[in-house]
file structure25.txt (compact mmCIF, C-alpha atoms)
# COMPACT_ATOMS: atom_id res chain seq x y z
CA MET A 1 106.51 80.00 65.71
CA ARG A 2 109.53 81.15 63.74
CA LEU A 3 108.04 84.51 62.77
CA ASP A 4 107.72 85.78 66.32
CA ILE A 5 111.40 86.56 66.87
CA ILE A 6 110.62 90.14 67.96
CA LEU A 7 108.23 88.88 70.61
CA ARG A 8 110.71 86.28 71.80
CA VAL A 9 113.57 88.76 72.13
CA LEU A 10 111.33 91.32 73.81
CA ALA A 11 110.02 88.72 76.24
CA LYS A 12 113.54 87.69 77.11
CA LEU A 13 114.38 91.32 77.83
CA LEU A 14 111.24 92.15 79.78
CA ILE A 15 110.57 89.07 81.90
CA PRO A 16 113.61 89.43 84.21
CA PHE A 17 112.68 93.05 84.85
CA ALA A 18 109.06 92.09 85.52
CA LEU A 19 110.20 89.49 88.06
CA VAL A 20 112.58 91.92 89.77
CA PHE A 21 109.82 94.52 89.81
CA GLY A 22 107.61 91.94 91.49
CA LEU A 23 110.22 91.40 94.19
CA TYR A 24 110.62 95.17 94.58
CA VAL A 25 106.86 95.60 95.00
CA GLN A 26 106.91 92.77 97.56
CA PHE A 27 109.81 93.87 99.72
CA HIS A 28 109.41 97.61 99.33
CA GLY A 29 105.75 97.37 100.34
CA ASP A 30 106.63 98.66 103.81
CA PHE A 31 107.69 102.00 102.35
CA GLY A 32 105.97 102.43 99.02
CA PRO A 33 102.80 101.15 97.42
CA GLY A 34 102.66 97.40 97.02
CA GLY A 35 102.57 94.19 98.97
CA GLY A 36 101.88 90.51 98.59
CA PHE A 37 98.79 90.77 96.37
CA GLN A 38 100.38 93.14 93.87
CA ALA A 39 103.69 91.31 93.80
CA GLY A 40 101.91 87.98 93.41
CA VAL A 41 99.96 89.03 90.33
CA ILE A 42 103.04 90.67 88.80
CA VAL A 43 105.11 87.49 89.24
CA ALA A 44 102.24 85.38 87.87
CA ALA A 45 101.84 87.76 84.91
CA ALA A 46 105.56 87.45 84.12
CA VAL A 47 105.36 83.65 84.00
CA ILE A 48 102.13 83.78 81.96
CA PHE A 49 103.91 86.13 79.53
CA TYR A 50 106.66 83.54 79.22
CA ALA A 51 104.06 80.84 78.57
CA LEU A 52 102.34 82.94 75.90
CA ILE A 53 105.54 83.54 73.98
CA TYR A 54 107.44 80.29 74.46
CA GLY A 55 104.49 77.92 74.78
CA LEU A 56 102.84 76.13 77.66
CA PRO A 57 105.19 73.11 77.77
CA ALA A 58 108.21 75.40 78.16
CA ALA A 59 106.52 77.28 81.01
CA ARG A 60 105.57 73.99 82.65
CA ARG A 61 109.19 72.92 82.51
CA VAL A 62 110.30 76.12 84.26
CA VAL A 63 107.46 76.20 86.80
CA PRO A 64 105.99 72.69 87.13
CA THR A 65 102.25 72.58 87.58
CA GLU A 66 102.45 70.23 90.60
CA LEU A 67 104.76 72.71 92.32
CA VAL A 68 102.31 75.54 91.63
CA GLN A 69 99.44 73.47 92.98
CA ASN A 70 101.30 72.73 96.21
CA LEU A 71 102.45 76.32 96.63
CA MET A 72 98.81 77.45 96.62
CA ALA A 73 98.38 75.76 100.00
CA VAL A 74 101.89 76.63 101.23
CA GLY A 75 101.14 80.36 101.12
CA VAL A 76 97.95 80.07 103.14
CA LEU A 77 99.64 77.74 105.62
CA LEU A 78 102.55 80.15 106.00
CA TYR A 79 100.15 83.00 106.75
CA ALA A 80 98.15 80.95 109.25
CA GLY A 81 101.42 79.54 110.61
CA VAL A 82 102.52 83.03 111.64
CA GLY A 83 99.32 83.15 113.69
CA VAL A 84 100.03 79.77 115.27
CA VAL A 85 103.61 80.77 116.11
CA SER A 86 102.36 83.92 117.82
CA ILE A 87 99.98 81.77 119.89
CA MET A 88 102.87 79.49 120.88
CA LEU A 89 104.94 82.50 121.91
CA GLY A 90 102.19 83.52 124.29
CA GLY A 91 100.22 86.03 122.26
CA ASN A 92 96.90 85.94 120.45
CA PHE A 93 96.43 84.57 116.92
CA LEU A 94 98.31 86.86 114.48
CA ASP A 95 99.58 88.99 117.36
CA TYR A 96 102.90 90.14 115.90
CA PHE A 97 104.11 91.95 119.00
CA VAL A 98 105.41 88.73 120.55
CA LEU A 99 107.37 87.64 117.47
CA GLY A 100 110.46 89.81 118.04
CA ALA A 101 112.65 91.10 120.84
CA ASP A 102 110.72 94.38 120.91
CA PRO A 103 107.19 95.09 119.60
CA VAL A 104 108.29 97.00 116.48
CA SER A 105 110.68 94.31 115.28
CA GLY A 106 107.96 91.74 116.02
CA GLN A 107 105.57 93.68 113.80
CA HIS A 108 108.21 93.82 111.07
CA ARG A 109 108.76 90.10 111.22
CA GLY A 110 105.05 89.29 111.27
CA ILE A 111 104.20 91.57 108.35
CA PHE A 112 107.16 90.23 106.36
CA TRP A 113 106.12 86.58 106.61
CA VAL A 114 102.44 87.26 106.19
CA GLU A 115 103.14 89.17 102.98
CA ILE A 116 105.34 86.32 101.73
CA GLY A 117 102.41 83.96 102.35
CA VAL A 118 100.08 86.22 100.37
CA LEU A 119 102.63 86.45 97.54
CA ILE A 120 103.00 82.68 97.28
CA THR A 121 99.26 81.95 97.30
CA VAL A 122 98.24 84.74 94.92
CA ALA A 123 101.00 84.04 92.40
CA SER A 124 100.43 80.28 92.38
CA VAL A 125 96.63 80.50 92.20
CA MET A 126 96.78 82.89 89.24
CA LEU A 127 99.33 80.69 87.52
CA LYS A 128 97.40 77.50 88.24
CA ILE A 129 94.18 78.96 86.84
CA PHE A 130 96.07 79.96 83.71
CA TYR A 131 97.61 76.50 83.37
CA VAL A 132 94.21 74.86 83.75
CA PHE A 133 92.59 77.11 81.14
CA ALA A 134 95.47 76.94 78.69
CA GLY A 135 95.98 73.20 79.03
CA ARG A 136 92.37 72.34 78.36
CA ARG A 137 92.36 72.44 74.56
CA ARG A 138 95.22 69.98 74.38
CA ASP A 139 93.40 67.53 76.65
CA ALA A 140 90.23 67.87 74.59
CA GLU A 141 92.19 67.17 71.41
CA GLU A 142 93.78 64.15 73.00
CA THR A 143 90.40 62.66 73.84
CA ALA A 144 89.14 63.47 70.36
CA GLU A 145 91.93 61.54 68.71
CA MET B 1 95.74 115.60 96.54
CA ALA B 2 93.98 118.10 98.75
CA THR B 3 97.08 120.27 99.03
CA GLY B 4 97.43 120.83 95.28
CA SER B 5 97.01 124.25 93.73
CA ARG B 6 93.86 125.20 91.86
CA SER B 7 95.24 124.43 88.40
CA GLU B 8 96.43 121.02 89.62
CA ILE B 9 92.95 120.20 90.89
CA ILE B 10 91.37 121.27 87.58
CA LEU B 11 93.89 119.17 85.64
CA GLU B 12 93.12 116.18 87.85
CA GLU B 13 89.38 116.56 87.39
CA LEU B 14 89.85 116.92 83.64
CA THR B 15 91.97 113.74 83.52
CA ALA B 16 89.33 111.85 85.47
CA VAL B 17 86.53 113.08 83.18
CA VAL B 18 88.46 112.12 80.04
CA LEU B 19 89.28 108.67 81.44
CA LEU B 20 85.70 108.03 82.56
CA THR B 21 84.39 109.12 79.14
CA LEU B 22 86.77 106.69 77.44
CA MET B 23 85.62 103.97 79.85
CA GLY B 24 82.01 104.69 78.94
CA ALA B 25 82.91 104.47 75.25
CA ALA B 26 84.67 101.15 75.85
CA ALA B 27 81.62 99.81 77.73
CA ILE B 28 79.24 100.82 74.92
CA GLY B 29 81.64 99.26 72.40
CA MET B 30 81.61 96.02 74.39
CA ALA B 31 77.81 95.97 74.49
CA ARG B 32 77.53 96.53 70.72
CA GLN B 33 80.30 94.16 69.68
CA ARG B 34 79.34 90.64 68.58
CA ASN B 35 82.90 89.37 68.05
CA LEU B 36 84.00 88.14 71.46
CA TYR B 37 87.72 88.68 70.77
CA GLY B 38 86.89 92.35 70.30
CA VAL B 39 84.89 92.34 73.53
CA VAL B 40 87.80 90.87 75.49
CA LEU B 41 90.21 93.36 73.97
CA LEU B 42 87.89 96.23 74.89
CA SER B 43 87.53 94.90 78.44
CA GLY B 44 91.33 94.90 78.71
CA ILE B 45 91.37 98.52 77.56
CA TYR B 46 88.61 99.26 80.07
CA SER B 47 90.71 97.76 82.86
CA PHE B 48 93.76 99.80 81.87
CA LEU B 49 91.65 102.96 81.93
CA MET B 50 90.29 101.92 85.34
CA ALA B 51 93.85 101.42 86.58
CA THR B 52 94.70 104.94 85.40
CA VAL B 53 91.65 106.30 87.21
CA MET B 54 92.96 104.60 90.35
CA VAL B 55 96.30 106.38 89.89
CA VAL B 56 94.44 109.68 89.59
CA LEU B 57 92.68 108.82 92.88
CA ASP B 58 96.12 108.13 94.48
CA ALA B 59 95.24 104.46 95.02
CA VAL B 60 98.43 103.11 93.45
CA ASP B 61 98.11 99.66 95.08
CA VAL B 62 94.68 99.15 93.55
CA ALA B 63 95.96 100.48 90.21
CA MET B 64 98.76 97.89 90.17
CA THR B 65 96.36 95.07 90.93
CA GLU B 66 93.83 96.29 88.37
CA ALA B 67 96.48 96.59 85.65
CA ALA B 68 97.98 93.17 86.36
CA VAL B 69 94.78 91.20 87.05
CA GLY B 70 92.10 93.11 85.15
CA ALA B 71 94.03 94.04 82.06
CA GLY B 72 96.64 91.29 82.07
CA ILE B 73 95.71 87.95 83.55
CA SER B 74 91.92 88.03 83.09
CA THR B 75 92.29 89.13 79.47
CA VAL B 76 94.54 86.13 78.86
CA LEU B 77 92.12 83.82 80.69
CA LEU B 78 89.15 85.15 78.71
CA PHE B 79 91.05 84.64 75.46
CA GLY B 80 91.75 81.10 76.60
CA ALA B 81 88.07 80.56 77.37
CA ILE B 82 86.99 81.95 73.99
CA HIS B 83 89.52 79.72 72.28
CA LEU B 84 87.68 76.78 73.83
CA THR B 85 84.11 77.95 73.25
CA GLY B 86 84.14 79.90 69.99
CA GLY B 87 84.55 83.55 69.17
CA THR B 88 81.11 84.83 68.16
CA GLU B 89 78.28 85.76 70.46
CA SER B 90 75.01 84.09 69.55
CA LYS B 91 72.08 86.36 68.80
CA PRO B 92 70.10 87.04 71.99
CA ILE B 93 66.64 85.47 72.03
CA HIS B 94 65.03 88.17 74.14
CA ARG B 95 64.58 91.85 73.52
CA PRO B 96 66.93 93.96 75.65
CA TRP B 97 64.30 96.39 76.92
CA LEU B 98 63.45 94.76 80.27
CA PRO B 99 67.11 94.22 81.31
CA LEU B 100 67.89 97.76 80.16
CA LEU B 101 65.05 99.09 82.31
CA VAL B 102 66.28 97.14 85.36
CA VAL B 103 69.87 98.33 84.87
CA ALA B 104 68.81 101.95 84.32
CA ALA B 105 66.57 101.90 87.40
CA THR B 106 69.31 100.35 89.58
CA GLY B 107 71.85 102.84 88.25
CA ALA B 108 69.53 105.77 88.93
CA MET B 109 68.95 104.49 92.45
CA LEU B 110 72.71 104.20 93.07
CA VAL B 111 73.31 107.73 91.77
CA TYR B 112 70.49 108.94 94.02
CA GLY B 113 72.19 107.14 96.92
CA THR B 114 75.52 108.85 96.29
CA LEU B 115 73.82 112.25 96.60
CA GLY B 116 73.52 111.57 100.33
CA LEU B 117 77.22 110.81 100.74
CA PRO B 118 79.67 113.42 102.03
CA ALA B 119 81.69 115.25 99.37
CA PHE B 120 84.67 113.39 97.87
CA SER B 121 87.78 113.59 100.14
CA ASP B 122 85.86 115.61 102.72
CA PRO B 123 88.04 115.40 105.87
CA GLY B 124 84.95 115.69 108.07
CA ALA B 125 83.30 112.59 106.59
CA PRO B 126 82.40 109.89 109.15
CA ILE B 127 84.82 107.39 107.60
CA HIS B 128 87.73 109.72 108.39
CA GLN B 129 86.62 110.15 112.00
CA HIS B 130 86.38 106.55 113.20
CA VAL B 131 89.63 104.54 113.31
CA ALA B 132 91.47 106.29 110.46
CA PRO B 133 93.11 108.98 112.65
CA ARG B 134 94.42 106.28 114.98
CA TYR B 135 95.84 104.28 112.06
CA LEU B 136 97.52 107.39 110.67
CA THR B 137 99.03 108.62 113.93
CA GLU B 138 99.79 105.36 115.75
CA GLY B 139 100.31 102.99 112.81
CA PRO B 140 103.82 104.06 111.80
CA VAL B 141 104.94 104.25 115.46
CA LYS B 142 103.49 100.94 116.62
CA THR B 143 104.30 98.83 113.56
CA GLY B 144 107.42 100.66 112.38
CA VAL B 145 106.03 100.52 108.82
CA PRO B 146 105.85 103.94 107.14
CA ASN B 147 103.30 102.79 104.55
CA VAL B 148 100.00 102.94 106.42
CA VAL B 149 98.24 100.83 103.79
CA THR B 150 100.59 97.92 104.47
CA ALA B 151 100.34 98.44 108.23
CA VAL B 152 96.54 98.33 108.14
CA LEU B 153 96.38 95.46 105.63
CA ALA B 154 98.89 93.12 107.22
CA SER B 155 98.79 94.08 110.88
CA TYR B 156 95.65 95.90 112.03
CA ARG B 157 93.44 93.90 109.69
CA GLY B 158 95.55 90.75 109.59
CA PHE B 159 92.47 88.56 110.05
CA ASP B 160 90.75 90.14 107.02
CA THR B 161 93.82 89.63 104.89
CA LEU B 162 94.07 86.02 106.01
CA GLY B 163 90.44 85.65 104.93
CA GLU B 164 91.20 87.26 101.57
CA THR B 165 94.11 84.90 101.04
CA PHE B 166 91.77 82.00 101.78
CA VAL B 167 89.30 83.42 99.23
CA VAL B 168 92.02 83.43 96.56
CA PHE B 169 93.02 79.91 97.57
CA THR B 170 89.39 78.74 97.42
CA ALA B 171 89.00 80.28 93.97
CA GLY B 172 92.02 78.31 92.79
CA ILE B 173 90.69 75.10 94.32
CA GLY B 174 87.32 75.71 92.68
CA VAL B 175 88.86 76.12 89.23
CA ILE B 176 90.95 72.99 89.73
CA ALA B 177 87.86 71.04 90.81
CA LEU B 178 85.84 72.22 87.82
CA LEU B 179 88.40 72.24 85.02
CA GLY B 180 91.61 70.75 86.32
CA ARG B 181 90.86 67.12 85.70
CA ARG B 182 90.83 65.38 82.41
CA ARG B 183 87.40 64.48 81.17
CA PRO B 184 86.48 60.91 82.13
CA ARG B 185 86.70 58.81 79.00
CA ARG B 186 83.93 56.54 77.90
CA PRO B 187 84.18 53.00 79.27
CA LEU B 188 84.43 51.62 75.72
CA ASP B 189 87.46 53.79 74.85
CA LYS B 190 89.02 52.96 78.18
CA SER B 191 88.75 49.20 77.76
CA ARG B 192 90.15 49.52 74.24
CA GLU B 193 93.09 51.53 75.50
CA GLU B 194 93.75 49.13 78.33
CA SER B 195 93.87 46.22 75.92
CA LYS B 196 96.27 48.25 73.77
CA GLU B 197 98.54 48.79 76.73

call {"tool": "encode", "arguments": {"input": "structure25.txt", "output": "structure tokens"}}
result
Amino acid sequence: MRLDIILRVLAKLLIPFALVFGLYVQFHGDFGPGGGFQAGVIVAAAVIFYALIYGLPAARRVVPTELVQNLMAVGVLLYAGVGVVSIMLGGNFLDYFVLGADPVSGQHRGIFWVEIGVLITVASVMLKIFYVFAGRRRDAEETAE
Amino acid sequence: MATGSRSEIILEELTAVVLLTLMGAAAIGMARQRNLYGVVLLSGIYSFLMATVMVVLDAVDVAMTEAAVGAGISTVLLFGAIHLTGGTESKPIHRPWLPLLVVAATGAMLVYGTLGLPAFSDPGAPIHQHVAPRYLTEGPVKTGVPNVVTAVLASYRGFDTLGETFVVFTAGIGVIALLGRRRPRRPLDKSREESKE
């Protein structure tokens, strides 16, 4: 653990940029390539990188596993919730035209929230799967003791 | 890039051929390798090459996903799985000839099938005649989103994307259900621990 100082310093330098790049891919998806799926995996990869270098317990302190587990459902609910809101505003399910004052701003709003939902679910599912895989050896050792 | 000059097109084709050759080499290396750490490393390399092929094909969104999921996260997950199961592949019991025959026959059939497809990036192909022109002309106006990929993904095909998000969610739930819980301890150990507590 003490010999990996280069990795630790590099990780500290790179992870903030990876997270900001994830946000850029998310919110610039209207104009350039990207969107919720891409941003979600980039954010998850940044946290997994942190876990690889600093250890799983440190990553679990930063992003608690219960939070990740709940966020998995939050993303899907947010996406479906946009559909429900558009029904309540008098449109069809996932009809974004009714969400804003004029159709184009409604589309903007709908796409924005839907993409946030995708981001949350994708990032948290990837992270949760990693947590489950990485945490398994420790559990097995505990039972062996 | 249909508008590129002749030399650009040749360069692009050359890049694709080189990348695909390297991918083939990586695949053969994976098949021959018995050390599973090597196999996972090669599959990561394969995914990076695939991501680069996607860039050559101007599918930058897919390239991003492939690089992050294929080369990044799944490599880490596979390393984690190998760490739990052991790093050497056991010798196969069966001879590889029958599977090889099946794979070769399927591959030949697929190649034969592609011969009937329209030429790559042919603007007259049926897929470019159906709804694509409407997406391209009306999409930016109706949704106000200049990136047509995002407009189609989130707005025109919002139901599909909702379904995809549910697929990702279901995958996560499945992994939690299979691996997320601690193994139930034997009743004997449990009673001993309870008495300890």

call {"tool": "residues_around", "arguments": {"input": "structure25.txt", "residues": "B:Gly87", "least_positions_apart": "4", "cutoff": "10 Å", "atoms": "all atoms listed in the file", "output": "list in words"}}
result
Arg34, Asn35, Leu36, Tyr37, Gly38, Val39, Phe79, Ala81, Ile82 and His83 of chain B

call {"tool": "interface_residues", "arguments": {"input": "structure25.txt", "of": "chain B", "to": "chain A", "cutoff": "7 Å", "atoms": "all atoms listed in the file", "output": "PyMOL selection string"}}
result
chain B and resi 60-61+64-65+68-69+72-73+77+80-81+84+142-147+150+154-155+158+162+165-166+168-169+172+175+179-180+182

call {"tool": "atom_distance", "arguments": {"input": "structure25.txt", "atom1": "atom CA of B:Val56", "atom2": "atom CA of B:Val149"}}
result
17.2 Å

call {"tool": "atom_distance", "arguments": {"input": "structure25.txt", "atom1": "atom CA of B:Ile45", "atom2": "atom CA of B:Ala25"}}
result
10.6 Å

call {"tool": "atom_distance", "arguments": {"input": "structure25.txt", "atom1": "atom CA of A:Leu7", "atom2": "atom CA of B:Val76"}}
result
16.2 Å

call {"tool": "axis_aligned_box", "arguments": {"input": "structure25.txt", "around": "stretch 125-143 of chain B", "padding_each_side": "3 Å", "output": "lines of an AutoDock Vina configuration file"}}
result
center_x = 93.7
center_y = 105.7
center_z = 111.6
size_x = 28.5
size_y = 19.8
size_z = 16.0

call {"tool": "closest_residue", "arguments": {"input": "structure25.txt", "among": "A:Ile116, A:Val63, A:Leu10, A:Met88", "to": "A:Gln26", "atoms": "all atoms listed in the file"}}
result
A:Ile116

call {"tool": "closest_residue", "arguments": {"input": "structure25.txt", "among": "B:Ile28, B:Leu136, B:Leu14, B:Val62", "to": "B:Val148", "atoms": "all atoms listed in the file"}}
result
B:Leu136
